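**Q** Next up is a structure, given as structure tokens.
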Amino acid sequence: PIQDQKHPTPRKNKNMFHAGYTLTAAALLGMTAFLTSTGIHLKNKILPSIRTQFLWILIWMILALRYVYLPNDGSASGLLVAVYDPLFNLFPGNMHDDFVPCPDGIECSPYLPIYQKHVSWTVKLFQMTLGDNSWTLKFLQSHTLFCAFALCAMPLQLYYYMKGRLRVHRVLGRVATLAAIVGCGSGMYISYHNHGHVAEYNGVYCLIGFWLMGVTTIGCGVAGYLAAKRGDMEAHRRWMLRFFGSMFGAYFFWRFEAYLFGWMLSGPNGVLLNTYGSFMLGIILFEFGIIRRGFYPVRSAQKKVL
């Protein structure tokens with residue numbers, strides 16, 4: 001017994017690792033929200049702000065890409081389950097009836113046996129990536145990979161624009177738009193085949209929300225590209241920043257809302273709030289906090305945006 005106290009068991013080490021993973025994700029999320037909000041006010045330090053945003057986005061995208069580099073055994077989805085386990089098991093709020101055990105005795109969370117039940121929609125996503133749902137996992141990998149690339153490219157292209165390297169800015173912008181189309185399209189496929197009939201995601205209402213998110217994001221990117229093609233750089237700037245805001249909100253604010261408001265709603269209703277509110281909040285933030293306050297000034301005479 002004395003030796004066991006001095007040398008933690010592998011289970012304890014595993015729990016400590018995943019507790020650190022959860023705390024790291026929560027800390028990064030809070031820091032991302034803080035840096036984004038303060039970056040809006042640091043108008044005279046816009047270039048450091050862009051580099052800082054890129055750094056934090058890159059760190060998050062490395063975590064998001066776990067669906068690509070982790071083995072196809074549910075490990076990546078299990079980490080998603082684990083991120084929400086401690087907070088909502090301690091403070092379930094109105095989610096107390098939306099906790100379920102792992103399916104068919106499979107270990108769906110690294111926190112077993114500490115937490116025997118988990119947020120229902122996270123367990124459902126875990127199920128979607130197993131066994132016969134291998135195509136879902138492939139589209140999830142595509143969705144994660146291409147959206148991560150697009151989101152990382154967006155602050156980079158703004159940085160090169162501000163540095164006057166317009167050729168690099170244009171190439172990155174086109175590649176980011178194409179990547180977002182593929183990534184959002186993959187996400188819409190997943191939603192169509194896996195969300196419309198699932199009660200944990202609020203069924204067809206969630207399907208509509210994810211499709212609205214995808215269409216809006218792609219629409220902003222395409223509108224920005226077409227504006228550049230016709231020489232309307234002011235419209236191009238606005239639409240591409242809305243594009244950035246939609247992508248940023250869909251990823252970061254979805255998770256921020258899940259942490260902040262999850263206990264106030266049931267699991268399915270929380271998913272609806274996150275889905276509809278995240279990308280819209282991102283567009284509003286970038287529209288009123290960035291575009292209308294004069295960030296990223298345009299270099300030439302522009303046409304009026306309708």
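Every chain in the structure tokens takes a letter, A first, then B, and so on in the order presented; its residues are numbered from 1, and the ligands are numbered from 1 following the presented order.
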Counting only C-alpha atoms, give me one row per residue of segment 174-212 of chain A with an atom at most 12 Å from an atom of segment 260-280 of chain A, showing the shortest contact pair and its distance in Å to one decimal, sorted by chain then residue number, as JSON lines.
**A**
{"residue": "A:Ser191", "atom": "CA", "partner": "A:Thr275", "partner_atom": "CA", "distance": 11.5}
{"residue": "A:His195", "atom": "CA", "partner": "A:Val271", "partner_atom": "CA", "distance": 11.1}
{"residue": "A:Val198", "atom": "CA", "partner": "A:Pro268", "partner_atom": "CA", "distance": 9.5}
{"residue": "A:Ala199", "atom": "CA", "partner": "A:Pro268", "partner_atom": "CA", "distance": 7.1}
{"residue": "A:Glu200", "atom": "CA", "partner": "A:Pro268", "partner_atom": "CA", "distance": 5.1}
{"residue": "A:Tyr201", "atom": "CA", "partner": "A:Pro268", "partner_atom": "CA", "distance": 4.9}
{"residue": "A:Asn202", "atom": "CA", "partner": "A:Pro268", "partner_atom": "CA", "distance": 5.0}
{"residue": "A:Gly203", "atom": "CA", "partner": "A:Pro268", "partner_atom": "CA", "distance": 8.6}
{"residue": "A:Val204", "atom": "CA", "partner": "A:Leu272", "partner_atom": "CA", "distance": 10.4}
{"residue": "A:Tyr205", "atom": "CA", "partner": "A:Leu272", "partner_atom": "CA", "distance": 7.4}
{"residue": "A:Cys206", "atom": "CA", "partner": "A:Leu272", "partner_atom": "CA", "distance": 5.8}
{"residue": "A:Leu207", "atom": "CA", "partner": "A:Thr275", "partner_atom": "CA", "distance": 9.4}
{"residue": "A:Ile208", "atom": "CA", "partner": "A:Tyr276", "partner_atom": "CA", "distance": 9.2}
{"residue": "A:Gly209", "atom": "CA", "partner": "A:Tyr276", "partner_atom": "CA", "distance": 5.6}
{"residue": "A:Phe210", "atom": "CA", "partner": "A:Thr275", "partner_atom": "CA", "distance": 6.4}
{"residue": "A:Trp211", "atom": "CA", "partner": "A:Thr275", "partner_atom": "CA", "distance": 9.8}
{"residue": "A:Leu212", "atom": "CA", "partner": "A:Tyr276", "partner_atom": "CA", "distance": 8.1}
**Q** Include all heavy atoms and write out the residues we just selected as a short mmCIF file (atom, residue, chain, number, x, y, z; two decimals), in the first residue's frame.
**A**
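Result file is selection-v8.cif:
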data_model
loop_
_atom_site.label_atom_id
_atom_site.label_comp_id
_atom_site.auth_asym_id
_atom_site.auth_seq_id
_atom_site.Cartn_x
_atom_site.Cartn_y
_atom_site.Cartn_z
N SER A 191 -24.08 16.38 -41.35
CA SER A 191 -25.33 16.80 -40.72
C SER A 191 -26.53 16.16 -41.40
O SER A 191 -27.48 15.71 -40.73
CB SER A 191 -25.44 18.33 -40.78
OG SER A 191 -26.62 18.77 -40.17
N HIS A 195 -27.67 13.95 -38.36
CA HIS A 195 -28.28 14.81 -37.36
C HIS A 195 -29.80 14.94 -37.47
O HIS A 195 -30.48 15.14 -36.47
CB HIS A 195 -27.66 16.22 -37.42
CG HIS A 195 -26.23 16.24 -37.00
ND1 HIS A 195 -25.34 17.21 -37.46
CD2 HIS A 195 -25.51 15.42 -36.20
CE1 HIS A 195 -24.15 16.98 -36.94
NE2 HIS A 195 -24.23 15.90 -36.17
N VAL A 198 -31.74 12.56 -35.19
CA VAL A 198 -31.16 12.29 -33.87
C VAL A 198 -31.72 13.25 -32.84
O VAL A 198 -31.55 14.47 -32.95
CB VAL A 198 -29.61 12.40 -33.93
CG1 VAL A 198 -29.01 12.19 -32.55
CG2 VAL A 198 -29.06 11.39 -34.92
N ALA A 199 -32.40 12.70 -31.84
CA ALA A 199 -33.03 13.53 -30.82
C ALA A 199 -32.01 14.32 -30.00
O ALA A 199 -32.28 15.44 -29.56
CB ALA A 199 -33.87 12.65 -29.88
N GLU A 200 -30.82 13.74 -29.78
CA GLU A 200 -29.79 14.42 -28.98
C GLU A 200 -29.33 15.72 -29.62
O GLU A 200 -28.77 16.59 -28.96
CB GLU A 200 -28.59 13.50 -28.75
CG GLU A 200 -28.85 12.34 -27.82
CD GLU A 200 -29.49 11.14 -28.53
OE1 GLU A 200 -29.85 11.28 -29.73
OE2 GLU A 200 -29.60 10.07 -27.90
N TYR A 201 -29.54 15.85 -30.94
CA TYR A 201 -29.18 17.07 -31.65
C TYR A 201 -30.40 17.91 -32.01
O TYR A 201 -30.30 18.85 -32.78
CB TYR A 201 -28.40 16.72 -32.93
CG TYR A 201 -26.95 16.40 -32.69
CD1 TYR A 201 -26.55 15.12 -32.31
CD2 TYR A 201 -25.97 17.36 -32.83
CE1 TYR A 201 -25.22 14.81 -32.08
CE2 TYR A 201 -24.63 17.07 -32.62
CZ TYR A 201 -24.27 15.80 -32.24
OH TYR A 201 -22.94 15.50 -32.02
N ASN A 202 -31.55 17.54 -31.50
CA ASN A 202 -32.80 18.24 -31.77
C ASN A 202 -33.27 18.07 -33.21
O ASN A 202 -33.96 18.92 -33.77
CB ASN A 202 -32.70 19.72 -31.42
CG ASN A 202 -33.83 20.14 -30.49
OD1 ASN A 202 -34.96 19.68 -30.63
ND2 ASN A 202 -33.52 21.01 -29.53
N GLY A 203 -32.86 16.96 -33.81
CA GLY A 203 -33.40 16.54 -35.09
C GLY A 203 -33.23 17.53 -36.22
O GLY A 203 -32.17 18.12 -36.42
N VAL A 204 -34.32 17.74 -36.96
CA VAL A 204 -34.27 18.53 -38.18
C VAL A 204 -33.92 19.99 -37.91
O VAL A 204 -33.35 20.66 -38.77
CB VAL A 204 -35.62 18.42 -38.93
CG1 VAL A 204 -36.72 19.12 -38.16
CG2 VAL A 204 -35.50 18.97 -40.35
N TYR A 205 -34.23 20.49 -36.71
CA TYR A 205 -33.89 21.88 -36.39
C TYR A 205 -32.38 22.09 -36.38
O TYR A 205 -31.87 23.12 -36.82
CB TYR A 205 -34.49 22.27 -35.04
CG TYR A 205 -36.00 22.17 -35.00
CD1 TYR A 205 -36.64 21.15 -34.30
CD2 TYR A 205 -36.78 23.09 -35.68
CE1 TYR A 205 -38.02 21.05 -34.27
CE2 TYR A 205 -38.17 23.00 -35.67
CZ TYR A 205 -38.77 21.97 -34.97
OH TYR A 205 -40.14 21.88 -34.95
N CYS A 206 -31.67 21.10 -35.86
CA CYS A 206 -30.20 21.18 -35.88
C CYS A 206 -29.67 21.03 -37.29
O CYS A 206 -28.72 21.72 -37.68
CB CYS A 206 -29.62 20.10 -34.96
SG CYS A 206 -27.83 20.20 -34.79
N LEU A 207 -30.29 20.15 -38.08
CA LEU A 207 -29.89 19.99 -39.48
C LEU A 207 -30.00 21.31 -40.22
O LEU A 207 -29.08 21.72 -40.94
CB LEU A 207 -30.77 18.93 -40.14
CG LEU A 207 -30.67 18.79 -41.66
CD1 LEU A 207 -29.27 18.38 -42.07
CD2 LEU A 207 -31.71 17.79 -42.18
N ILE A 208 -31.12 22.01 -40.03
CA ILE A 208 -31.30 23.32 -40.68
C ILE A 208 -30.23 24.30 -40.21
O ILE A 208 -29.67 25.07 -41.00
CB ILE A 208 -32.71 23.86 -40.38
CG1 ILE A 208 -33.77 22.97 -41.04
CG2 ILE A 208 -32.85 25.30 -40.88
CD1 ILE A 208 -35.19 23.31 -40.64
N GLY A 209 -29.94 24.28 -38.91
CA GLY A 209 -28.94 25.19 -38.37
C GLY A 209 -27.56 24.95 -38.95
O GLY A 209 -26.86 25.91 -39.33
N PHE A 210 -27.13 23.70 -39.04
CA PHE A 210 -25.82 23.41 -39.60
C PHE A 210 -25.76 23.76 -41.09
O PHE A 210 -24.73 24.24 -41.58
CB PHE A 210 -25.48 21.93 -39.40
CG PHE A 210 -24.89 21.64 -38.04
CD1 PHE A 210 -25.51 20.74 -37.18
CD2 PHE A 210 -23.73 22.26 -37.62
CE1 PHE A 210 -24.97 20.47 -35.92
CE2 PHE A 210 -23.18 21.99 -36.37
CZ PHE A 210 -23.81 21.09 -35.52
N TRP A 211 -26.85 23.52 -41.81
CA TRP A 211 -26.86 23.90 -43.23
C TRP A 211 -26.86 25.41 -43.40
O TRP A 211 -26.22 25.94 -44.30
CB TRP A 211 -28.06 23.26 -43.93
CG TRP A 211 -27.74 21.89 -44.42
CD1 TRP A 211 -27.47 20.78 -43.65
CD2 TRP A 211 -27.60 21.47 -45.77
NE1 TRP A 211 -27.19 19.70 -44.45
CE2 TRP A 211 -27.26 20.09 -45.76
CE3 TRP A 211 -27.74 22.10 -47.00
CZ2 TRP A 211 -27.05 19.36 -46.92
CZ3 TRP A 211 -27.54 21.37 -48.17
CH2 TRP A 211 -27.19 20.02 -48.12
N LEU A 212 -27.58 26.11 -42.53
CA LEU A 212 -27.56 27.58 -42.58
C LEU A 212 -26.15 28.09 -42.29
O LEU A 212 -25.68 29.04 -42.95
CB LEU A 212 -28.56 28.14 -41.57
CG LEU A 212 -28.72 29.66 -41.53
CD1 LEU A 212 -29.22 30.19 -42.86
CD2 LEU A 212 -29.68 30.06 -40.40
#
**Q** Give the alpha helix (DSSP H) residues of segment 24-235 of chain A, as assigned by DSSP on the backbone, as a ChimeraX atom specification.
**A** /A:24-39,46-64,66-69,75-90,120-128,134-162,166-194,204-229,233-235
**Q** List as number ranges by chain the protein and nucleic acid residues near Val171 of chain A, meaning an atom at most 9 Å away when only C-alpha atoms are counted, but skip any in the same chain fewer than 5 places from it.
**A** A: 157, 166, 176
**Q** Write out as a CSV table (one decimal) with N, CA, C and O atoms, in the first residue's frame which residues come within 9 Å of Leu65 of chain A when counting only C-alpha atoms, dropping same-chain ones fewer than 4 positions away.
**A**
chain,number,residue,atom,x,y,z
A,60,TRP,N,-5.4,25.6,-31.5
A,60,TRP,CA,-6.7,25.0,-31.5
A,60,TRP,C,-6.9,24.0,-32.7
A,60,TRP,O,-7.5,23.0,-32.5
A,61,MET,N,-6.4,24.4,-33.8
A,61,MET,CA,-6.5,23.5,-35.0
A,61,MET,C,-5.7,22.3,-34.8
A,61,MET,O,-6.1,21.2,-35.3
A,69,TYR,N,-5.0,12.5,-37.0
A,69,TYR,CA,-3.8,11.9,-36.6
A,69,TYR,C,-3.9,10.8,-35.5
A,69,TYR,O,-3.0,10.1,-35.2
A,70,LEU,N,-5.1,10.8,-34.8
A,70,LEU,CA,-5.3,9.7,-33.8
A,70,LEU,C,-5.8,8.4,-34.4
A,70,LEU,O,-6.5,8.5,-35.5
A,76,ALA,N,-10.3,10.0,-30.7
A,76,ALA,CA,-10.5,11.4,-30.9
A,76,ALA,C,-11.9,11.9,-30.4
A,76,ALA,O,-12.0,12.9,-29.7
A,141,GLN,N,-13.1,13.9,-40.9
A,141,GLN,CA,-11.7,14.2,-41.1
A,141,GLN,C,-11.5,15.3,-42.2
A,141,GLN,O,-10.7,16.2,-42.0
A,144,THR,N,-12.7,18.6,-40.7
A,144,THR,CA,-11.8,19.2,-39.8
A,144,THR,C,-10.5,19.7,-40.5
A,144,THR,O,-10.1,20.8,-40.2
A,145,LEU,N,-10.0,18.9,-41.4
A,145,LEU,CA,-8.7,19.3,-42.1
A,145,LEU,C,-8.9,20.5,-42.9
A,145,LEU,O,-8.1,21.5,-42.8
A,148,ALA,N,-9.8,23.6,-40.8
A,148,ALA,CA,-8.7,24.1,-40.0
A,148,ALA,C,-7.7,24.9,-40.9
A,148,ALA,O,-7.2,25.9,-40.5
**Q** Need the shell around Gln116 of chain A: protein/DNA/RNA residues with any atom at most 12 Å away, counting only C-alpha atoms. Skip same-chain ones fewer than 3 positions apart. Format as a list of chain:residue names?
**A**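 Answer for this query is A:Val81, A:Ala82, A:Asp85, A:Pro86, A:Asn89, A:Phe99, A:Val100, A:Pro101, A:Cys102, A:Pro103, A:Gly105, A:Ile106, A:Glu107, A:Cys108, A:Ser109, A:Pro110, A:Tyr111, A:Leu112, A:Pro113, A:Val119, A:Val123.
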**Q** By how many Å are atom CA of Arg230 of chain A and atom CA of Leu172 of chain A apart?
**A** 18.8 Å
**Q** Need to verify the contact set: Met154 of chain A, 9 Å, only C-alpha atoms, exclusion of same-chain residues closer than 6 positions in sequence. Can you return it as a ChimeraX atom specification?
**A** /A:54,172-173,176,240-241,244
**Q** Might you pull out every residue within 9 Å of Val215 of chain A, with only C-alpha atoms counted and same-chain residues fewer than 6 positions away left off, and present them as a PyMOL selection string?
**A** chain A and resi 184-185+188
**Q** I need the residue nearest Trp121 of chain A from this list: A:Leu151, A:Leu226, A:Met95, A:Leu158. Use only C-alpha atoms for the distance.
**A** A:Met95
**Q** As a PyMOL selection string, which residues of segment 82-177 of chain A does DSSP assign to strand (DSSP E)?
**A** chain A and resi 99-100+118-119
**Q** Using only C-alpha atoms, find the one residue out of A:Ile50, A:Val168, A:Ile114, A:Leu140 that sits nearest to Asn72 of chain A.
**A**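 Comparing A:Ile50, A:Val168, A:Ile114, A:Leu140 against Asn72 of chain A, the winner is A:Leu140.
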